[in-house]
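J.: Structure: input.txt, compact mmCIF, N, CA and C atoms.
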```
# COMPACT_ATOMS: atom_id res chain seq x y z
N GLN D 282 -31.88 -30.53 -17.83
CA GLN D 282 -30.47 -30.53 -18.16
C GLN D 282 -29.70 -31.27 -17.07
N VAL D 283 -28.95 -32.27 -17.51
CA VAL D 283 -28.18 -33.07 -16.55
C VAL D 283 -26.92 -32.33 -16.13
N GLN D 284 -26.68 -32.33 -14.84
CA GLN D 284 -25.44 -31.77 -14.32
C GLN D 284 -24.84 -32.75 -13.32
N LEU D 285 -23.52 -32.86 -13.36
CA LEU D 285 -22.78 -33.71 -12.43
C LEU D 285 -21.77 -32.84 -11.69
N VAL D 286 -21.75 -32.94 -10.38
CA VAL D 286 -20.84 -32.13 -9.58
C VAL D 286 -20.05 -33.03 -8.66
N GLU D 287 -18.73 -33.08 -8.87
CA GLU D 287 -17.86 -33.90 -8.03
C GLU D 287 -17.38 -33.11 -6.82
N SER D 288 -17.06 -33.85 -5.80
CA SER D 288 -16.46 -33.27 -4.60
C SER D 288 -15.70 -34.37 -3.87
N GLY D 289 -14.90 -33.96 -2.89
CA GLY D 289 -14.22 -34.93 -2.06
C GLY D 289 -12.74 -35.12 -2.35
N GLY D 290 -12.25 -34.46 -3.37
CA GLY D 290 -10.82 -34.58 -3.66
C GLY D 290 -9.99 -33.84 -2.63
N GLY D 291 -8.68 -34.04 -2.71
CA GLY D 291 -7.80 -33.37 -1.78
C GLY D 291 -6.41 -33.98 -1.78
N LEU D 292 -5.65 -33.62 -0.76
CA LEU D 292 -4.29 -34.11 -0.59
C LEU D 292 -4.27 -35.16 0.52
N VAL D 293 -3.67 -36.30 0.22
CA VAL D 293 -3.61 -37.38 1.20
C VAL D 293 -2.26 -38.07 1.08
N GLN D 294 -1.80 -38.64 2.17
CA GLN D 294 -0.55 -39.38 2.14
C GLN D 294 -0.76 -40.77 1.55
N ALA D 295 0.27 -41.32 1.01
CA ALA D 295 0.21 -42.69 0.48
C ALA D 295 -0.28 -43.63 1.58
N GLY D 296 -1.18 -44.53 1.18
CA GLY D 296 -1.79 -45.44 2.12
C GLY D 296 -3.09 -44.95 2.71
N GLY D 297 -3.38 -43.67 2.49
CA GLY D 297 -4.61 -43.08 3.02
C GLY D 297 -5.82 -43.34 2.15
N SER D 298 -6.93 -42.72 2.54
CA SER D 298 -8.21 -42.93 1.86
C SER D 298 -8.89 -41.60 1.55
N LEU D 299 -9.67 -41.63 0.50
CA LEU D 299 -10.55 -40.51 0.16
C LEU D 299 -11.84 -41.09 -0.40
N LYS D 300 -12.93 -40.34 -0.25
CA LYS D 300 -14.19 -40.74 -0.85
C LYS D 300 -14.69 -39.60 -1.72
N LEU D 301 -14.77 -39.85 -3.01
CA LEU D 301 -15.27 -38.88 -3.96
C LEU D 301 -16.78 -39.03 -4.11
N SER D 302 -17.45 -37.91 -4.29
CA SER D 302 -18.89 -37.90 -4.52
C SER D 302 -19.20 -37.24 -5.85
N CYS D 303 -20.25 -37.70 -6.49
CA CYS D 303 -20.72 -37.11 -7.74
C CYS D 303 -22.23 -36.96 -7.62
N ALA D 304 -22.67 -35.73 -7.38
CA ALA D 304 -24.08 -35.44 -7.21
C ALA D 304 -24.70 -35.09 -8.56
N ALA D 305 -25.78 -35.77 -8.91
CA ALA D 305 -26.42 -35.56 -10.20
C ALA D 305 -27.73 -34.79 -10.05
N SER D 306 -28.01 -33.97 -11.05
CA SER D 306 -29.29 -33.29 -11.13
C SER D 306 -29.78 -33.35 -12.56
N GLY D 307 -31.09 -33.21 -12.74
CA GLY D 307 -31.65 -33.24 -14.08
C GLY D 307 -31.99 -34.63 -14.57
N GLY D 308 -31.92 -35.61 -13.70
CA GLY D 308 -32.25 -36.97 -14.09
C GLY D 308 -32.09 -37.91 -12.92
N THR D 309 -32.42 -39.18 -13.15
CA THR D 309 -32.38 -40.20 -12.09
C THR D 309 -31.16 -41.08 -12.31
N ILE D 310 -30.21 -40.95 -11.43
CA ILE D 310 -28.92 -41.60 -11.62
C ILE D 310 -29.01 -43.12 -11.61
N SER D 311 -30.01 -43.65 -10.92
CA SER D 311 -30.15 -45.11 -10.83
C SER D 311 -30.48 -45.74 -12.19
N LYS D 312 -30.93 -44.94 -13.13
CA LYS D 312 -31.27 -45.45 -14.47
C LYS D 312 -30.08 -45.43 -15.42
N TRP D 313 -29.00 -44.80 -15.03
CA TRP D 313 -27.87 -44.57 -15.93
C TRP D 313 -26.71 -45.53 -15.69
N THR D 314 -25.80 -45.54 -16.64
CA THR D 314 -24.47 -46.06 -16.40
C THR D 314 -23.63 -44.88 -15.93
N THR D 315 -22.97 -45.04 -14.79
CA THR D 315 -22.13 -43.97 -14.27
C THR D 315 -20.71 -44.50 -14.08
N ALA D 316 -19.76 -43.61 -14.23
CA ALA D 316 -18.37 -44.03 -14.20
C ALA D 316 -17.48 -42.95 -13.62
N TRP D 317 -16.30 -43.38 -13.24
CA TRP D 317 -15.23 -42.48 -12.85
C TRP D 317 -14.07 -42.67 -13.80
N PHE D 318 -13.52 -41.57 -14.26
CA PHE D 318 -12.31 -41.54 -15.06
C PHE D 318 -11.32 -40.64 -14.34
N ARG D 319 -10.06 -40.73 -14.76
CA ARG D 319 -9.05 -39.82 -14.21
C ARG D 319 -8.08 -39.42 -15.29
N GLN D 320 -7.46 -38.29 -15.07
CA GLN D 320 -6.52 -37.78 -16.07
C GLN D 320 -5.39 -37.02 -15.40
N VAL D 321 -4.20 -37.32 -15.87
CA VAL D 321 -2.98 -36.63 -15.47
C VAL D 321 -2.58 -35.71 -16.62
N PRO D 322 -2.12 -34.50 -16.34
CA PRO D 322 -1.72 -33.60 -17.43
C PRO D 322 -0.73 -34.26 -18.38
N GLY D 323 -1.02 -34.13 -19.68
CA GLY D 323 -0.14 -34.69 -20.68
C GLY D 323 -0.41 -36.15 -21.00
N LYS D 324 -1.36 -36.74 -20.30
CA LYS D 324 -1.69 -38.14 -20.55
C LYS D 324 -3.16 -38.28 -20.91
N ALA D 325 -3.47 -39.41 -21.52
CA ALA D 325 -4.85 -39.67 -21.92
C ALA D 325 -5.73 -39.92 -20.70
N ARG D 326 -6.99 -39.61 -20.83
CA ARG D 326 -7.95 -39.91 -19.78
C ARG D 326 -8.04 -41.43 -19.60
N GLU D 327 -8.13 -41.86 -18.35
CA GLU D 327 -8.12 -43.29 -18.03
C GLU D 327 -9.41 -43.69 -17.32
N PHE D 328 -9.98 -44.77 -17.77
CA PHE D 328 -11.14 -45.34 -17.09
C PHE D 328 -10.73 -45.86 -15.72
N VAL D 329 -11.59 -45.66 -14.73
CA VAL D 329 -11.31 -46.14 -13.38
C VAL D 329 -12.35 -47.18 -12.94
N ALA D 330 -13.63 -46.83 -13.01
CA ALA D 330 -14.67 -47.73 -12.52
C ALA D 330 -16.01 -47.34 -13.12
N THR D 331 -16.92 -48.33 -13.21
CA THR D 331 -18.25 -48.04 -13.73
C THR D 331 -19.28 -48.98 -13.13
N MET D 332 -20.51 -48.51 -13.11
CA MET D 332 -21.62 -49.34 -12.65
C MET D 332 -22.87 -48.92 -13.38
N ARG D 333 -23.83 -49.84 -13.44
CA ARG D 333 -25.15 -49.51 -14.01
C ARG D 333 -26.21 -49.92 -13.02
N TRP D 334 -26.99 -50.90 -13.37
CA TRP D 334 -28.08 -51.31 -12.49
C TRP D 334 -27.60 -52.32 -11.48
N SER D 335 -28.40 -52.60 -10.50
CA SER D 335 -27.97 -53.49 -9.42
C SER D 335 -27.72 -54.92 -9.92
N ILE D 336 -28.33 -55.29 -11.04
CA ILE D 336 -28.13 -56.64 -11.56
C ILE D 336 -26.87 -56.74 -12.42
N ASP D 337 -26.25 -55.61 -12.71
CA ASP D 337 -25.06 -55.60 -13.57
C ASP D 337 -23.78 -55.65 -12.75
N PRO D 338 -22.72 -56.18 -13.33
CA PRO D 338 -21.44 -56.17 -12.62
C PRO D 338 -20.84 -54.77 -12.60
N THR D 339 -19.97 -54.52 -11.67
CA THR D 339 -19.17 -53.31 -11.69
C THR D 339 -17.82 -53.65 -12.31
N TYR D 340 -17.24 -52.67 -12.97
CA TYR D 340 -15.96 -52.88 -13.62
C TYR D 340 -14.93 -51.90 -13.08
N TYR D 341 -13.70 -52.37 -12.99
CA TYR D 341 -12.61 -51.53 -12.51
C TYR D 341 -11.39 -51.73 -13.40
N VAL D 342 -10.60 -50.70 -13.51
CA VAL D 342 -9.30 -50.87 -14.13
C VAL D 342 -8.44 -51.72 -13.19
N ASP D 343 -7.57 -52.53 -13.75
CA ASP D 343 -6.81 -53.48 -12.93
C ASP D 343 -6.03 -52.80 -11.81
N SER D 344 -5.52 -51.62 -12.06
CA SER D 344 -4.64 -50.97 -11.09
C SER D 344 -5.37 -50.54 -9.81
N VAL D 345 -6.70 -50.51 -9.83
CA VAL D 345 -7.43 -50.08 -8.62
C VAL D 345 -8.25 -51.21 -8.00
N LYS D 346 -8.28 -52.35 -8.64
CA LYS D 346 -9.06 -53.47 -8.11
C LYS D 346 -8.62 -53.83 -6.70
N GLY D 347 -9.58 -53.99 -5.82
CA GLY D 347 -9.29 -54.32 -4.44
C GLY D 347 -9.02 -53.10 -3.57
N ARG D 348 -8.87 -51.94 -4.20
CA ARG D 348 -8.59 -50.72 -3.43
C ARG D 348 -9.72 -49.69 -3.56
N PHE D 349 -10.33 -49.61 -4.73
CA PHE D 349 -11.39 -48.63 -5.00
C PHE D 349 -12.74 -49.35 -5.08
N THR D 350 -13.78 -48.64 -4.67
CA THR D 350 -15.13 -49.18 -4.77
C THR D 350 -16.08 -48.10 -5.27
N ILE D 351 -16.80 -48.41 -6.34
CA ILE D 351 -17.83 -47.50 -6.84
C ILE D 351 -19.16 -47.91 -6.24
N SER D 352 -19.95 -46.94 -5.84
CA SER D 352 -21.26 -47.23 -5.26
C SER D 352 -22.20 -46.08 -5.56
N ARG D 353 -23.46 -46.27 -5.17
CA ARG D 353 -24.47 -45.27 -5.49
C ARG D 353 -25.49 -45.19 -4.37
N ASP D 354 -25.95 -43.99 -4.08
CA ASP D 354 -27.05 -43.79 -3.15
C ASP D 354 -28.20 -43.17 -3.94
N ASN D 355 -29.19 -43.99 -4.24
CA ASN D 355 -30.29 -43.52 -5.09
C ASN D 355 -31.10 -42.42 -4.42
N THR D 356 -31.18 -42.46 -3.09
CA THR D 356 -31.97 -41.45 -2.38
C THR D 356 -31.32 -40.06 -2.49
N LYS D 357 -30.01 -40.06 -2.68
CA LYS D 357 -29.29 -38.80 -2.81
C LYS D 357 -28.91 -38.49 -4.26
N ASN D 358 -29.26 -39.40 -5.16
CA ASN D 358 -28.92 -39.24 -6.57
C ASN D 358 -27.42 -38.97 -6.74
N THR D 359 -26.63 -39.75 -6.03
CA THR D 359 -25.18 -39.53 -5.95
C THR D 359 -24.42 -40.84 -6.15
N VAL D 360 -23.32 -40.73 -6.87
CA VAL D 360 -22.39 -41.85 -7.07
C VAL D 360 -21.11 -41.54 -6.30
N TYR D 361 -20.50 -42.58 -5.76
CA TYR D 361 -19.31 -42.41 -4.94
C TYR D 361 -18.16 -43.24 -5.50
N LEU D 362 -16.97 -42.83 -5.13
CA LEU D 362 -15.77 -43.64 -5.38
C LEU D 362 -14.97 -43.65 -4.09
N GLN D 363 -15.02 -44.76 -3.39
CA GLN D 363 -14.22 -44.92 -2.18
C GLN D 363 -12.84 -45.40 -2.60
N MET D 364 -11.83 -44.66 -2.21
CA MET D 364 -10.45 -44.95 -2.62
C MET D 364 -9.62 -45.23 -1.36
N ASN D 365 -9.15 -46.45 -1.25
CA ASN D 365 -8.32 -46.86 -0.11
C ASN D 365 -6.92 -47.21 -0.59
N SER D 366 -6.00 -47.28 0.35
CA SER D 366 -4.61 -47.65 0.04
C SER D 366 -4.09 -46.83 -1.13
N LEU D 367 -4.29 -45.55 -1.07
CA LEU D 367 -3.91 -44.68 -2.19
C LEU D 367 -2.41 -44.67 -2.39
N ARG D 368 -2.04 -44.53 -3.66
CA ARG D 368 -0.64 -44.52 -4.09
C ARG D 368 -0.37 -43.22 -4.83
N PRO D 369 0.89 -42.79 -4.86
CA PRO D 369 1.20 -41.58 -5.63
C PRO D 369 0.74 -41.65 -7.08
N LYS D 370 0.76 -42.84 -7.67
CA LYS D 370 0.32 -42.98 -9.06
C LYS D 370 -1.17 -42.76 -9.23
N ASP D 371 -1.92 -42.70 -8.14
CA ASP D 371 -3.35 -42.39 -8.22
C ASP D 371 -3.61 -40.88 -8.36
N THR D 372 -2.57 -40.10 -8.25
CA THR D 372 -2.71 -38.65 -8.36
C THR D 372 -3.23 -38.28 -9.75
N ALA D 373 -4.32 -37.53 -9.79
CA ALA D 373 -4.97 -37.16 -11.05
C ALA D 373 -6.17 -36.28 -10.75
N VAL D 374 -6.74 -35.74 -11.81
CA VAL D 374 -8.06 -35.14 -11.72
C VAL D 374 -9.07 -36.25 -12.01
N TYR D 375 -10.00 -36.42 -11.11
CA TYR D 375 -11.01 -37.47 -11.24
C TYR D 375 -12.32 -36.86 -11.74
N TYR D 376 -12.88 -37.51 -12.75
CA TYR D 376 -14.10 -37.03 -13.37
C TYR D 376 -15.21 -38.07 -13.23
N CYS D 377 -16.40 -37.60 -12.96
CA CYS D 377 -17.59 -38.42 -12.96
C CYS D 377 -18.24 -38.30 -14.34
N ALA D 378 -18.81 -39.40 -14.82
CA ALA D 378 -19.46 -39.39 -16.13
C ALA D 378 -20.74 -40.20 -16.07
N ALA D 379 -21.70 -39.81 -16.90
CA ALA D 379 -22.98 -40.51 -16.93
C ALA D 379 -23.39 -40.79 -18.37
N ARG D 380 -23.95 -41.99 -18.56
CA ARG D 380 -24.48 -42.40 -19.85
C ARG D 380 -25.95 -42.69 -19.66
N VAL D 381 -26.80 -41.94 -20.32
CA VAL D 381 -28.24 -42.06 -20.06
C VAL D 381 -28.89 -43.10 -20.95
N SER D 382 -28.22 -43.53 -22.00
CA SER D 382 -28.77 -44.54 -22.87
C SER D 382 -28.91 -45.86 -22.13
N THR D 383 -29.92 -46.64 -22.52
CA THR D 383 -30.11 -47.96 -21.91
C THR D 383 -29.57 -49.06 -22.81
N ASP D 384 -28.64 -48.70 -23.69
CA ASP D 384 -28.01 -49.69 -24.55
C ASP D 384 -27.29 -50.74 -23.71
N ASN D 385 -26.87 -51.79 -24.38
CA ASN D 385 -26.20 -52.88 -23.67
C ASN D 385 -25.00 -52.41 -22.87
N TYR D 386 -24.76 -53.05 -21.78
CA TYR D 386 -23.70 -52.69 -20.83
C TYR D 386 -22.50 -53.58 -21.10
N TYR D 387 -21.81 -53.32 -22.22
CA TYR D 387 -20.65 -54.12 -22.58
C TYR D 387 -19.38 -53.48 -22.06
N TYR D 388 -18.50 -54.29 -21.52
CA TYR D 388 -17.26 -53.78 -20.95
C TYR D 388 -16.49 -52.93 -21.95
N THR D 389 -16.39 -53.43 -23.18
CA THR D 389 -15.60 -52.71 -24.19
C THR D 389 -16.17 -51.33 -24.49
N ASP D 390 -17.44 -51.14 -24.24
CA ASP D 390 -18.06 -49.82 -24.44
C ASP D 390 -17.93 -48.94 -23.22
N VAL D 391 -18.26 -49.47 -22.06
CA VAL D 391 -18.37 -48.62 -20.86
C VAL D 391 -17.03 -48.17 -20.32
N VAL D 392 -15.92 -48.72 -20.81
CA VAL D 392 -14.61 -48.23 -20.37
C VAL D 392 -14.12 -47.09 -21.26
N GLN D 393 -14.90 -46.76 -22.28
CA GLN D 393 -14.50 -45.71 -23.21
C GLN D 393 -15.20 -44.40 -22.87
N GLY D 394 -14.47 -43.33 -22.84
CA GLY D 394 -15.04 -42.04 -22.52
C GLY D 394 -16.11 -41.59 -23.49
N TYR D 395 -15.98 -41.98 -24.75
CA TYR D 395 -16.95 -41.53 -25.75
C TYR D 395 -18.34 -42.14 -25.53
N SER D 396 -18.44 -43.15 -24.67
CA SER D 396 -19.74 -43.77 -24.40
C SER D 396 -20.60 -42.92 -23.47
N TYR D 397 -20.04 -41.88 -22.89
CA TYR D 397 -20.73 -41.11 -21.86
C TYR D 397 -21.22 -39.78 -22.39
N ASP D 398 -22.40 -39.40 -21.91
CA ASP D 398 -23.06 -38.21 -22.41
C ASP D 398 -22.78 -36.96 -21.59
N TYR D 399 -22.54 -37.15 -20.31
CA TYR D 399 -22.37 -36.00 -19.42
C TYR D 399 -21.15 -36.21 -18.53
N TRP D 400 -20.49 -35.09 -18.23
CA TRP D 400 -19.27 -35.12 -17.43
C TRP D 400 -19.33 -34.04 -16.36
N GLY D 401 -18.70 -34.33 -15.24
CA GLY D 401 -18.52 -33.31 -14.22
C GLY D 401 -17.29 -32.48 -14.52
N GLN D 402 -17.03 -31.54 -13.61
CA GLN D 402 -15.92 -30.61 -13.82
C GLN D 402 -14.59 -31.16 -13.33
N GLY D 403 -14.64 -32.22 -12.56
CA GLY D 403 -13.42 -32.85 -12.07
C GLY D 403 -13.05 -32.39 -10.66
N THR D 404 -12.38 -33.27 -9.96
CA THR D 404 -11.87 -32.96 -8.62
C THR D 404 -10.46 -33.52 -8.50
N GLN D 405 -9.56 -32.71 -7.97
CA GLN D 405 -8.13 -33.09 -7.91
C GLN D 405 -7.88 -34.01 -6.72
N VAL D 406 -7.18 -35.08 -7.01
CA VAL D 406 -6.70 -35.99 -5.96
C VAL D 406 -5.18 -36.02 -6.04
N THR D 407 -4.54 -35.72 -4.94
CA THR D 407 -3.08 -35.72 -4.89
C THR D 407 -2.63 -36.62 -3.75
N VAL D 408 -1.80 -37.60 -4.09
CA VAL D 408 -1.30 -38.55 -3.11
C VAL D 408 0.20 -38.33 -2.96
N SER D 409 0.61 -37.97 -1.77
CA SER D 409 2.02 -37.71 -1.52
C SER D 409 2.72 -38.97 -1.01
N SER D 410 3.99 -39.07 -1.35
CA SER D 410 4.76 -40.26 -0.93
C SER D 410 5.41 -40.06 0.43
```
Just give me the structure of the file as structure tokens.
T.:
Amino acid sequence: QVQLVESGGGLVQAGGSLKLSCAASGGTISKWTTAWFRQVPGKAREFVATMRWSIDPTYYVDSVKGRFTISRDNTKNTVYLQMNSLRPKDTAVYYCAARVSTDNYYYTDVVQGYSYDYWGQGTQVTVSS
């Protein structure tokens, strides 16, 4: 049974940094497509970043490009989201997601939440102005 557990959220001032972690169990994360999404109460869940294999590109939503970096440590079976230059608009609950299928890695698919099979419980990120 696959489980994803996020950690690393918290309160930070605008311009600061946080690093989120998503530890996976029940499978090998290096074989999956993994992603980060975020959600603000009352709003739709938003794609943030995704990655698959080392030969594939990483994708980011435009609003985080140049500030956020998704990465993976295969030895720890963990995916990370390094968030720099944080802004109040980045405030949200951040969720890790995993897609175990080896289907094609198309941008139009991997930015959609329905493409993912497993989700973590979320971690709150709050950026103060």
J.: Please return, as a PyMOL selection string, all residues of chain D that DSSP assigns to strand (DSSP E or B) on the basis of the backbone.
T.: chain D and resi 284-288+291-294+299-306+314-320+327-332+340-341+349-354+359-364+373-380+399-400+404-409
J.: Between D:Arg319, D:Trp400, D:Thr356, D:Thr407, which is the closest to D:Pro369 once you count only N, CA and C atoms?
T.: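 Under the stated criterion, the closest residue is D:Thr407.
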J.: Report, as JSON, the centre and edge lengths in Å (one decimal) of the axis-aligned box enclosing every listed atom of stretch 315-333 of chain D, padded by 8 Å on each side.
T.:
```
{"center_x": -13.2, "center_y": -41.8, "center_z": -17.2, "size_x": 42.1, "size_y": 32.3, "size_z": 25.4}
```
J.: In terms of the shortest atom-to-atom distance over all atoms listed in the file, which of D:Val374, D:Ile336, D:Ile351, D:Ala316 is closest to D:Thr404?
T.: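 Using all atoms listed in the file, the shortest distance to D:Thr404 belongs to D:Val374.
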J.: Restricting the calculation to all atoms listed in the file, which member of D:Val381, D:Ala304, D:Val391, D:Val360 is positioned closest to D:Thr331?
T.: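 The answer is D:Val391, which sits nearest to D:Thr331.
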J.: Of the residues D:Phe318, D:Phe349, D:Tyr399, D:Tyr376, which is the one nearest to D:Val283, using only N, CA and C atoms?
T.: D:Tyr399
J.: At what distance in Å, to one decimal, does atom CA of D:Tyr341 lie from atom C of D:Gly291?
T.: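 Going from atom C of D:Gly291 over to atom CA of D:Tyr341 covers 21.5 Å.
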J.: Tell me, which residues of stretch 295-386 of chain D carry DSSP helix (DSSP H, G or I), written as a short mmCIF file (atom, residue, chain, number, x, y, z; two decimals) with N, CA and C atoms, in the coordinates of the input?
T.:
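Result written to part36.cif:
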```cif
data_model
loop_
_atom_site.label_atom_id
_atom_site.label_comp_id
_atom_site.auth_asym_id
_atom_site.auth_seq_id
_atom_site.Cartn_x
_atom_site.Cartn_y
_atom_site.Cartn_z
N ILE D 310 -30.21 -40.95 -11.43
CA ILE D 310 -28.92 -41.60 -11.62
C ILE D 310 -29.01 -43.12 -11.61
N SER D 311 -30.01 -43.65 -10.92
CA SER D 311 -30.15 -45.11 -10.83
C SER D 311 -30.48 -45.74 -12.19
N LYS D 312 -30.93 -44.94 -13.13
CA LYS D 312 -31.27 -45.45 -14.47
C LYS D 312 -30.08 -45.43 -15.42
N ASP D 343 -7.57 -52.53 -13.75
CA ASP D 343 -6.81 -53.48 -12.93
C ASP D 343 -6.03 -52.80 -11.81
N SER D 344 -5.52 -51.62 -12.06
CA SER D 344 -4.64 -50.97 -11.09
C SER D 344 -5.37 -50.54 -9.81
N VAL D 345 -6.70 -50.51 -9.83
CA VAL D 345 -7.43 -50.08 -8.62
C VAL D 345 -8.25 -51.21 -8.00
N PRO D 369 0.89 -42.79 -4.86
CA PRO D 369 1.20 -41.58 -5.63
C PRO D 369 0.74 -41.65 -7.08
N LYS D 370 0.76 -42.84 -7.67
CA LYS D 370 0.32 -42.98 -9.06
C LYS D 370 -1.17 -42.76 -9.23
N ASP D 371 -1.92 -42.70 -8.14
CA ASP D 371 -3.35 -42.39 -8.22
C ASP D 371 -3.61 -40.88 -8.36
#
```
J.: One number please: atom C of D:Lys346 to atom CA of D:Ala330, in Å, one decimal.
T.: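 Computed distance, atom C of D:Lys346 to atom CA of D:Ala330, equals 10.4 Å.
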J.: Would you pick out the contacts of D:Gly296 at 6 Å or less, using all atoms listed in the file, so that residues sharing its chain but fewer than 3 positions from it are not included, and give the list as a list in words?
T.: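 Skipping anything fewer than 3 positions along the chain leaves Asn365, Ser366, Leu367 and Arg368 of chain D.
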